[in-house]
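work-v9.cif (mmCIF, C-alpha atoms) appears below.
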```cif
data_start
#
loop_
_atom_site.label_atom_id
_atom_site.label_comp_id
_atom_site.auth_asym_id
_atom_site.auth_seq_id
_atom_site.Cartn_x
_atom_site.Cartn_y
_atom_site.Cartn_z
CA MET K 26 74.56 74.40 96.53
CA LEU K 27 72.01 76.11 94.30
CA HIS K 28 69.63 74.51 91.82
CA SER K 29 70.30 75.30 88.17
CA PRO K 30 67.33 77.70 87.64
CA ARG K 31 68.62 79.79 90.57
CA LEU K 32 72.13 79.69 89.13
CA THR K 33 70.91 81.06 85.83
CA GLN K 34 69.02 83.85 87.51
CA LEU K 35 71.94 84.64 89.81
CA ALA K 36 74.41 84.64 86.93
CA LEU K 37 72.41 87.42 85.29
CA THR K 38 72.35 89.68 88.36
CA ILE K 39 74.39 92.87 88.15
CA ALA K 40 76.94 93.07 90.93
CA LEU K 41 79.82 95.12 92.26
CA VAL K 42 82.63 93.62 94.27
CA ILE K 43 85.99 94.31 95.75
CA GLY K 44 88.39 92.67 93.38
CA ALA K 45 91.60 92.70 95.39
CA PRO K 46 92.18 91.91 99.05
CA LEU K 47 93.12 94.59 101.49
CA ALA K 48 96.57 94.38 103.00
CA THR K 49 95.10 93.13 106.27
CA ALA K 50 92.72 90.63 104.71
CA ALA K 51 93.41 86.93 105.18
CA GLU K 52 92.13 86.11 101.72
CA PRO K 53 90.60 87.98 98.76
CA ALA K 54 86.99 89.01 99.07
CA LYS K 55 84.65 86.97 96.91
CA PRO K 56 83.37 88.44 93.63
CA ALA K 57 79.69 88.89 92.92
CA VAL K 58 77.65 87.91 89.92
CA ALA K 59 76.67 90.48 87.31
CA ALA K 60 74.34 90.93 84.36
CA LYS K 61 75.15 89.57 80.94
CA PRO K 62 76.01 92.40 78.56
CA ALA K 63 74.42 92.87 75.18
CA ALA K 64 76.15 91.40 72.18
CA VAL K 65 78.55 93.67 70.35
CA PRO K 66 76.96 94.93 67.10
CA ALA K 67 78.13 93.28 63.91
CA THR K 68 79.30 96.61 62.51
CA GLU K 69 81.67 96.93 65.43
CA VAL K 70 82.98 93.41 64.89
CA THR K 71 83.75 94.01 61.23
CA ALA K 72 85.51 97.24 62.09
CA LYS K 73 87.99 95.45 64.31
CA ALA K 74 91.55 94.89 63.16
CA PRO K 75 92.44 91.38 61.90
CA LEU K 76 93.98 88.91 64.32
CA PRO K 77 97.73 89.48 64.81
CA LEU K 78 99.13 86.44 63.02
CA GLU K 79 102.69 87.02 64.21
CA GLU K 80 101.62 86.92 67.88
CA LEU K 81 99.50 83.81 67.25
CA ARG K 82 102.52 82.08 65.70
CA THR K 83 104.58 83.08 68.75
CA PHE K 84 101.91 81.68 71.06
CA ALA K 85 101.88 78.37 69.20
CA GLU K 86 105.68 78.22 69.21
CA VAL K 87 105.89 78.91 72.98
CA MET K 88 103.31 76.23 73.65
CA ASP K 89 105.26 73.71 71.56
CA ARG K 90 108.55 74.61 73.28
CA ILE K 91 107.00 74.13 76.74
CA LYS K 92 105.54 70.76 75.81
CA ALA K 93 108.85 69.61 74.35
CA ALA K 94 111.38 70.99 76.83
CA TYR K 95 109.71 71.61 80.23
CA VAL K 96 111.16 69.46 83.00
CA GLU K 97 107.82 67.66 83.52
CA PRO K 98 105.12 66.75 80.98
CA VAL K 99 102.35 69.37 80.63
CA ASP K 100 99.10 68.65 78.80
CA ASP K 101 97.45 71.00 76.33
CA LYS K 102 94.42 71.62 78.59
CA THR K 103 96.58 72.93 81.44
CA LEU K 104 98.57 75.19 79.14
CA LEU K 105 95.47 76.66 77.51
CA GLU K 106 93.72 77.27 80.84
CA ASN K 107 96.82 79.01 82.16
CA ALA K 108 96.94 81.13 79.01
CA ILE K 109 93.31 82.18 79.53
CA LYS K 110 94.01 83.07 83.17
CA GLY K 111 96.98 85.17 82.10
CA MET K 112 94.91 86.93 79.46
CA LEU K 113 92.35 88.04 82.09
CA SER K 114 94.72 88.75 84.98
CA ASN K 115 96.66 91.34 83.00
CA LEU K 116 93.60 93.47 82.19
CA ASP K 117 92.90 94.83 85.70
CA PRO K 118 92.85 93.49 89.27
CA HIS K 119 89.18 92.49 89.06
CA SER K 120 88.87 90.61 85.77
CA ALA K 121 89.44 86.86 86.11
CA TYR K 122 88.80 83.40 84.71
CA LEU K 123 86.74 81.32 87.14
CA GLY K 124 87.11 77.56 87.26
CA PRO K 125 84.24 75.34 88.47
CA GLU K 126 85.15 75.66 92.19
CA ASP K 127 85.67 79.42 92.03
CA PHE K 128 82.42 79.90 90.11
CA GLN K 129 80.45 77.83 92.62
CA GLU K 130 82.02 79.69 95.54
CA LEU K 131 81.06 82.98 93.90
CA GLN K 132 77.44 81.87 93.56
CA GLU K 133 77.30 80.74 97.18
CA SER K 134 78.87 83.97 98.39
CA THR K 135 76.43 86.27 96.60
CA SER K 136 73.32 84.16 97.27
CA GLY K 137 74.13 83.55 100.94
CA GLU K 138 73.17 79.90 100.47
CA PHE K 139 75.28 76.74 100.48
CA GLY K 140 75.11 73.06 101.36
CA GLY K 141 76.34 72.67 104.92
CA LEU K 142 75.60 71.87 108.55
CA GLY K 143 74.82 75.27 110.06
CA ILE K 144 77.75 75.79 112.44
CA GLU K 145 79.72 78.94 113.14
CA VAL K 146 83.23 77.78 114.03
CA GLY K 147 86.57 79.06 115.32
CA MET K 148 89.92 77.55 116.34
CA GLU K 149 91.06 76.57 119.84
CA ASP K 150 94.25 74.66 120.69
CA GLY K 151 94.51 73.41 117.12
CA PHE K 152 90.96 72.04 117.09
CA VAL K 153 87.86 73.37 115.38
CA LYS K 154 85.51 74.79 118.02
CA VAL K 155 81.78 75.37 117.64
CA VAL K 156 81.12 79.06 118.27
CA SER K 157 77.40 78.73 117.73
CA PRO K 158 74.98 76.41 115.91
CA ILE K 159 72.62 78.31 113.61
CA ASP K 160 68.95 77.93 114.55
CA ASP K 161 66.83 75.45 112.56
CA THR K 162 69.78 73.76 110.81
CA PRO K 163 71.07 70.16 110.90
CA ALA K 164 73.60 71.15 113.59
CA SER K 165 71.05 72.66 115.98
CA ARG K 166 68.59 69.80 115.44
CA ALA K 167 71.35 67.25 116.15
CA GLY K 168 72.03 68.86 119.53
CA ILE K 169 75.46 70.33 118.73
CA GLU K 170 76.26 73.02 121.30
CA ALA K 171 78.44 76.11 121.50
CA GLY K 172 81.85 75.15 122.92
CA ASP K 173 81.91 71.64 121.42
CA LEU K 174 85.27 70.71 119.90
CA ILE K 175 85.16 69.00 116.48
CA VAL K 176 88.08 66.57 116.72
CA LYS K 177 87.29 64.48 113.61
CA ILE K 178 85.36 64.90 110.36
CA ASN K 179 84.38 61.59 108.78
CA GLY K 180 87.07 59.91 110.86
CA ALA K 181 89.86 62.29 109.81
CA PRO K 182 91.44 64.30 112.70
CA THR K 183 90.96 68.07 112.47
CA ARG K 184 94.10 68.84 114.46
CA GLY K 185 96.67 70.26 112.07
CA GLN K 186 94.03 71.40 109.58
CA THR K 187 93.29 75.05 108.97
CA MET K 188 89.79 76.29 109.71
CA THR K 189 89.22 76.84 105.98
CA GLU K 190 90.13 73.21 105.24
CA ALA K 191 87.77 71.97 107.94
CA VAL K 192 84.92 74.20 106.74
CA ASP K 193 85.38 72.99 103.15
CA LYS K 194 85.02 69.39 104.35
CA MET K 195 81.82 70.17 106.25
CA ARG K 196 80.28 71.88 103.24
CA GLY K 197 79.14 69.83 100.28
CA LYS K 198 76.26 68.22 98.45
CA ILE K 199 72.82 68.76 99.97
CA GLY K 200 71.43 65.59 101.53
CA GLU K 201 74.82 63.91 101.82
CA LYS K 202 75.60 62.57 105.32
CA ILE K 203 78.66 63.47 107.36
CA THR K 204 79.92 62.25 110.75
CA LEU K 205 81.49 64.64 113.25
CA THR K 206 83.40 63.44 116.32
CA LEU K 207 82.85 65.90 119.15
CA VAL K 208 84.29 66.49 122.61
CA ARG K 209 82.10 68.36 125.09
CA ASP K 210 83.44 69.85 128.31
CA GLY K 211 86.56 67.65 128.19
CA GLY K 212 84.51 64.45 128.19
CA THR K 213 84.64 61.32 126.07
CA PRO K 214 84.51 61.84 122.28
CA PHE K 215 81.18 60.97 120.66
CA ASP K 216 79.94 60.83 117.08
CA VAL K 217 77.09 62.80 115.52
CA THR K 218 75.91 61.90 112.02
CA LEU K 219 73.86 64.50 110.16
CA ALA K 220 72.89 65.34 106.58
CA ARG K 221 73.88 68.55 104.84
CA ALA K 222 71.06 70.99 104.05
CA VAL K 223 70.67 74.40 102.44
CA ILE K 224 72.16 76.92 104.86
CA GLN K 225 71.19 80.57 104.55
CA VAL K 226 73.68 83.09 105.91
CA LYS K 227 72.18 86.42 106.91
CA SER K 228 74.18 89.46 105.88
CA VAL K 229 72.36 91.87 108.21
CA LYS K 230 72.49 92.14 112.01
CA SER K 231 70.51 94.67 114.02
CA GLN K 232 69.74 95.68 117.59
CA LEU K 233 68.78 98.64 119.73
CA LEU K 234 71.88 100.38 121.08
CA GLU K 235 69.61 101.95 123.69
CA ASN K 236 66.06 103.26 123.77
CA ASP K 237 65.12 105.05 120.52
CA TYR K 238 68.42 104.37 118.72
CA GLY K 239 68.91 101.46 116.34
CA TYR K 240 71.98 99.80 114.86
CA ILE K 241 72.16 97.92 111.54
CA ARG K 242 75.33 96.12 110.45
CA ILE K 243 75.70 94.84 106.87
CA THR K 244 78.58 92.40 106.43
CA GLN K 245 78.16 91.85 102.67
CA PHE K 246 75.64 92.73 99.96
CA GLN K 247 73.94 89.47 99.04
CA VAL K 248 70.82 88.82 96.97
CA LYS K 249 68.51 89.07 100.01
CA THR K 250 70.27 91.93 101.82
CA GLY K 251 67.73 94.56 100.75
CA ASP K 252 64.86 92.52 102.21
CA GLU K 253 66.84 91.85 105.38
CA VAL K 254 67.44 95.56 105.97
CA GLY K 255 63.73 96.28 105.49
CA LYS K 256 62.86 93.62 108.08
CA ALA K 257 65.56 94.93 110.43
CA LEU K 258 64.10 98.46 110.34
CA ALA K 259 60.61 97.10 111.06
CA LYS K 260 61.87 94.98 113.95
CA LEU K 261 63.82 97.86 115.49
CA ARG K 262 60.70 100.01 115.51
CA LYS K 263 58.66 97.17 117.01
CA ASP K 264 61.25 96.48 119.71
CA ASN K 265 61.43 100.18 120.51
CA GLY K 266 57.64 100.47 120.76
CA LYS K 267 57.57 103.73 118.82
CA LYS K 268 59.33 105.58 116.00
CA LEU K 269 63.11 105.56 116.29
CA ARG K 270 65.05 108.78 116.84
CA GLY K 271 68.12 107.64 114.97
CA VAL K 272 69.85 104.74 113.20
CA VAL K 273 73.52 103.86 112.72
CA LEU K 274 74.18 101.97 109.47
CA ASP K 275 77.51 100.16 109.79
CA LEU K 276 79.28 99.44 106.48
CA ARG K 277 82.78 99.09 107.90
CA ASN K 278 84.85 96.26 106.38
CA ASN K 279 82.01 95.41 104.00
CA PRO K 280 83.71 94.31 100.73
CA GLY K 281 80.64 94.84 98.54
CA GLY K 282 78.52 92.38 96.61
CA VAL K 283 75.35 92.54 94.54
CA LEU K 284 74.57 95.93 93.02
CA GLN K 285 70.80 95.47 93.14
CA ALA K 286 71.02 94.81 96.88
CA ALA K 287 72.98 98.06 97.36
CA VAL K 288 70.29 99.94 95.44
CA GLU K 289 67.54 98.38 97.58
CA VAL K 290 69.35 99.26 100.82
CA ALA K 291 69.84 102.90 99.79
CA ASP K 292 66.21 103.04 98.66
CA HIS K 293 65.04 102.11 102.18
CA PHE K 294 66.37 105.50 103.33
CA LEU K 295 65.52 107.63 100.28
CA THR K 296 62.19 108.77 98.83
CA LYS K 297 63.35 110.34 95.57
CA GLY K 298 66.35 111.06 93.39
CA LEU K 299 69.12 109.10 91.75
CA ILE K 300 70.94 106.36 93.68
CA VAL K 301 73.66 105.32 91.22
CA TYR K 302 74.35 105.09 87.50
CA THR K 303 76.88 103.14 85.45
CA LYS K 304 78.76 103.84 82.21
CA GLY K 305 80.51 101.39 79.90
CA ARG K 306 81.14 100.50 76.25
CA ILE K 307 78.25 98.07 75.78
CA ALA K 308 74.58 99.03 75.70
CA ASN K 309 73.45 97.15 78.82
CA SER K 310 76.17 98.75 80.93
CA GLU K 311 74.40 102.14 80.77
CA LEU K 312 72.09 101.85 83.78
CA ARG K 313 70.38 104.30 86.13
CA PHE K 314 68.72 103.48 89.47
CA SER K 315 66.38 105.89 91.26
CA ALA K 316 64.58 105.78 94.62
CA ASP K 317 60.87 105.12 94.99
CA PRO K 318 58.64 107.19 97.33
CA ALA K 319 58.36 104.51 100.05
CA ASP K 320 60.49 105.19 103.15
CA ALA K 321 61.08 102.19 105.41
CA SER K 322 63.29 104.31 107.69
CA GLU K 323 60.55 106.91 108.32
CA GLY K 324 63.08 109.68 107.73
CA VAL K 325 64.90 109.18 111.04
CA PRO K 326 68.36 110.76 111.45
CA LEU K 327 71.01 108.47 109.98
CA VAL K 328 74.75 108.07 110.50
CA VAL K 329 76.70 105.75 108.17
CA LEU K 330 80.01 104.27 109.35
CA ILE K 331 82.66 103.54 106.68
CA ASN K 332 86.38 102.73 106.64
CA GLY K 333 89.11 101.48 104.33
CA GLY K 334 87.41 98.10 104.13
CA SER K 335 84.14 99.57 102.79
CA ALA K 336 84.22 98.84 99.08
CA SER K 337 82.15 98.80 95.91
CA ALA K 338 78.48 98.23 96.82
CA SER K 339 79.16 99.75 100.25
CA GLU K 340 80.49 102.85 98.54
CA ILE K 341 77.39 103.02 96.33
CA VAL K 342 75.14 103.18 99.41
CA ALA K 343 77.39 105.63 101.25
CA GLY K 344 77.83 107.84 98.18
CA ALA K 345 74.10 107.98 97.44
CA LEU K 346 73.15 108.86 101.01
CA GLN K 347 75.92 111.48 101.18
CA ASP K 348 75.04 113.14 97.85
CA GLN K 349 71.33 113.19 98.69
CA LYS K 350 72.09 114.79 102.11
CA ARG K 351 70.23 111.92 103.77
CA ALA K 352 72.98 110.77 106.15
CA VAL K 353 76.14 111.93 107.88
CA LEU K 354 79.10 109.74 106.92
CA MET K 355 81.53 109.05 109.74
CA GLY K 356 84.78 107.08 109.95
CA THR K 357 87.69 107.00 107.50
CA ASP K 358 88.11 107.04 103.70
CA SER K 359 86.57 104.07 101.87
CA PHE K 360 88.44 101.59 99.65
CA GLY K 361 87.83 103.25 96.27
CA LYS K 362 86.59 100.43 94.04
CA GLY K 363 84.25 101.96 91.48
CA SER K 364 84.10 99.42 88.66
CA VAL K 365 81.41 96.95 87.59
CA GLN K 366 82.19 93.31 86.86
CA THR K 367 80.05 91.20 84.54
CA VAL K 368 80.14 87.45 85.12
CA LEU K 369 79.52 85.46 81.95
CA PRO K 370 78.88 81.73 82.39
CA LEU K 371 80.96 79.55 80.05
CA ALA K 372 80.78 75.85 79.23
CA ASN K 373 81.67 73.17 81.83
CA ASP K 374 80.62 75.24 84.88
CA ARG K 375 83.24 77.90 84.23
CA ALA K 376 82.80 81.65 83.96
CA LEU K 377 84.45 84.86 82.83
CA LYS K 378 84.47 87.82 85.21
CA LEU K 379 85.09 90.94 83.18
CA THR K 380 85.18 94.63 84.12
CA THR K 381 82.59 96.29 81.86
CA ALA K 382 81.68 99.66 83.41
CA LEU K 383 82.31 102.30 86.06
CA TYR K 384 79.65 103.46 88.49
CA PHE K 385 78.96 107.03 89.57
CA THR K 386 77.23 108.57 92.60
CA PRO K 387 74.16 110.82 92.07
CA ASN K 388 76.37 113.92 91.80
CA GLY K 389 78.48 112.28 89.09
CA ARG K 390 81.42 111.30 91.29
CA SER K 391 83.55 108.34 90.30
CA ILE K 392 85.21 106.99 93.42
CA GLN K 393 87.55 104.72 91.47
CA ALA K 394 90.98 104.64 93.16
CA GLN K 395 89.95 107.57 95.39
CA GLY K 396 87.20 106.35 97.68
CA ILE K 397 84.56 108.29 99.56
CA VAL K 398 85.64 110.82 102.18
CA PRO K 399 83.43 110.82 105.31
CA ASP K 400 81.77 114.03 106.44
CA ILE K 401 83.33 113.56 109.89
CA GLU K 402 86.63 111.73 110.19
CA VAL K 403 86.75 109.48 113.25
CA ARG K 404 89.65 107.06 113.47
CA PRO K 405 89.48 103.85 115.49
CA ALA K 406 90.50 104.19 119.11
CA LYS K 407 90.61 101.87 122.07
CA LEU K 408 88.15 102.68 124.80
CA THR K 409 89.22 102.03 128.38
CA ALA K 410 86.49 102.47 130.94
CA GLU K 411 87.44 103.89 134.30
CA ALA K 412 86.59 101.81 137.34
CA ASP K 413 83.37 102.86 139.02
CA THR K 414 83.95 104.78 142.22
CA GLU K 415 82.23 103.69 145.40
CA ASN K 416 81.38 107.17 146.66
CA PHE K 417 78.11 107.38 148.55
CA LYS K 418 75.19 109.27 147.12
CA GLU K 419 72.38 111.10 148.91
CA ALA K 420 70.13 108.12 148.29
CA ASP K 421 72.51 105.91 150.33
CA LEU K 422 72.06 107.99 153.50
CA GLN K 423 69.67 106.60 156.07
CA GLY K 424 66.59 108.77 156.50
CA HIS K 425 67.18 110.80 153.30
CA LEU K 426 64.30 112.81 151.95
CA GLY K 427 62.37 111.44 149.01
CA ASN K 428 62.14 113.09 145.62
CA GLY K 429 59.04 115.25 145.46
CA ASN K 430 58.75 114.74 141.72
CA GLY K 431 58.31 110.98 142.14
CA GLY K 432 60.45 108.17 140.80
CA ALA K 433 62.62 105.58 142.48
CA ASP K 434 65.73 106.47 144.48
CA ARG K 435 69.06 105.94 142.70
CA PRO K 436 71.65 104.82 145.26
CA THR K 437 75.23 103.75 144.47
CA GLY K 438 75.31 100.85 142.03
CA SER K 439 71.74 101.32 140.80
CA THR K 440 72.85 102.77 137.44
CA LYS K 441 75.11 99.87 136.44
CA ARG K 442 74.16 98.39 133.06
CA LYS K 443 75.20 95.47 130.91
CA GLU K 444 77.85 95.97 128.26
CA ARG K 445 76.67 97.45 124.96
CA PRO K 446 78.31 97.41 121.48
CA GLN K 447 79.14 101.13 121.67
CA ASP K 448 81.01 100.68 124.96
CA ASN K 449 83.99 99.07 123.18
CA ASP K 450 83.68 100.71 119.77
CA PHE K 451 84.82 104.34 119.67
CA GLN K 452 83.51 105.05 116.17
CA LEU K 453 80.10 103.60 117.01
CA SER K 454 79.91 105.55 120.27
CA GLN K 455 80.70 108.76 118.37
CA ALA K 456 77.98 107.97 115.82
CA LEU K 457 75.45 107.48 118.61
CA SER K 458 76.51 110.73 120.27
CA LEU K 459 76.05 112.56 116.96
CA LEU K 460 72.53 111.16 116.57
CA LYS K 461 71.63 112.35 120.06
CA GLY K 462 73.06 115.77 119.30
CA LEU K 463 71.04 116.03 116.10
CA ASN K 464 67.84 115.31 118.04
CA ILE K 465 68.71 117.89 120.70
CA THR K 466 69.33 120.61 118.10
CA LYS K 467 66.03 119.72 116.39
CA GLY K 468 64.26 120.12 119.71
CA ASP K 469 62.93 116.55 119.77
#
```
Please rewrite the model in this file as structure tokens.
Amino acid sequence: MLHSPRLTQLALTIALVIGAPLATAAEPAKPAVAAKPAAVPATEVTAKAPLPLEELRTFAEVMDRIKAAYVEPVDDKTLLENAIKGMLSNLDPHSAYLGPEDFQELQESTSGEFGGLGIEVGMEDGFVKVVSPIDDTPASRAGIEAGDLIVKINGAPTRGQTMTEAVDKMRGKIGEKITLTLVRDGGTPFDVTLARAVIQVKSVKSQLLENDYGYIRITQFQVKTGDEVGKALAKLRKDNGKKLRGVVLDLRNNPGGVLQAAVEVADHFLTKGLIVYTKGRIANSELRFSADPADASEGVPLVVLINGGSASASEIVAGALQDQKRAVLMGTDSFGKGSVQTVLPLANDRALKLTTALYFTPNGRSIQAQGIVPDIEVRPAKLTAEADTENFKEADLQGHLGNGNGGADRPTGSTKRKERPQDNDFQLSQALSLLKGLNITKGD
């Protein structure tokens, strides 16, 4: 849960989001907060047509008929809120009226912060299972371990609940205490009481795929995503011990998020030129974002992975890097969501999410309802590794000659390695192969 000054600041942040769920999504992706537009000039207001009195009379008559004849009593507040929702839902798939719960969930989603315990969970045999406690959170400090089953929350059994229902019960007001009943390794249930705290969810994951080649995965564009990518690039270089020879930026199934974060991410890989611009009817919707000279990526070769789940802010980053010839895009066509939503806070912790502009890539492309086409199409495929053969090598033979150039012998089994992300991800393995090929052709 955020403090009110942060809410105000967050509510004025420009954002782009995926407004409708994909066919394979379990639930709609969460919207992101946007900047408050400028007021409409008075001259424009006076030029508007008068209110349609006939339609207003019809609205009042329908409301009266429902109140008088509907099978169950309906209060005026419910009818008016439903009317507002209908007014927004018929504009486009992304405009909406947000009640208090939806508005709070939106703020938590885009900030990456919420009141909770710090547990990543899954489902097993109808129970909620701890996948991993997050470091330095109430859960990790209380000794909760990966594999623990959460059988009760505040005395209420979790069996029969959905994971979403269980997570909602574990989230809540910061400082408020909650008791979890856990079962560890099939033993006797025991209780753990802990207080909710501010939990920060990182939207960026990174690692070295192998020496000299880094991997950065962005799951969603949150307020701090730009900073996280900058830190990830610095850590990859440090872990590698020298300048990287290539980076894979993975934007697959990233539904979007905060526009400013997308601009910051693209800027980490660009030193000049336009990143994105927006066009709309109101003055503040005409925005242009350009790169600064700093280059956190040090100009290393870059491959960006996209697919049908890459939407909005993801498409801004991909489109900018493609238009500026900074990266090779690989994968499948993106989602095609090119509109900007402005979130306007209303009274009583409610908000209005309204489509106010379209965004365009540096070359003036609108990807609305079309998406971004990758430079190299690579569709998902299942990788099946062949079993290692047990054939003997020269180094297995007793009395074999040594290598005059130096270096250790490499007998059978000496080249086995632990599993890597690219071993089970065809698109990622192709991206890594492309980076290696680019370095070979450059003569590095």
Test item: the PyMOL selection byres ((chain K and resi 281) around 6) resolved as number ranges by chain: K: 42, 245-246, 279-280, 282, 336-339
The PyMOL selection byres ((chain K and resi 148) around 12) applied to the shown file, residues as a list in words: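 Evaluating the PyMOL selection byres ((chain K and resi 148) around 12) on these coordinates yields Glu145, Val146, Gly147, Glu149, Asp150, Gly151, Phe152, Val153, Lys154, Val155, Val156, Gly172, Asp173, Leu174, Ile175, Val176, Thr183, Arg184, Gly185, Gln186, Thr187, Met188, Thr189, Glu190, Ala191 and Val192 of chain K.
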Given the PyMOL selection byres ((chain K and resi 168) around 12), the residues it picks as number ranges by chain: K: 142-144, 155, 157-167, 169-171, 173, 207, 209, 216-219
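Atom CA of Val329 of chain K sits 7.0 Å away from atom CA of Ala343 of chain K.
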d(atom CA of Gln129 of chain K, atom CA of Ala222 of chain K) in Å: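 According to the coordinates, atom CA of Gln129 of chain K and atom CA of Ala222 of chain K are separated by 16.3 Å.
With all atoms listed in the file taken into account, the protein and nucleic acid residues at most 6 Å from segment 307-320 of chain K (excluding it and anything under 5 positions from it in its own chain) are Pro62, Ala63, Asp292, His293, Phe294, Thr296, Lys297, Gly298, Leu299, Ile300, Val301 and Tyr302 of chain K.
Across the model, the gap from atom CA of Asn373 of chain K to atom CA of Asp193 of chain K is 21.6 Å.
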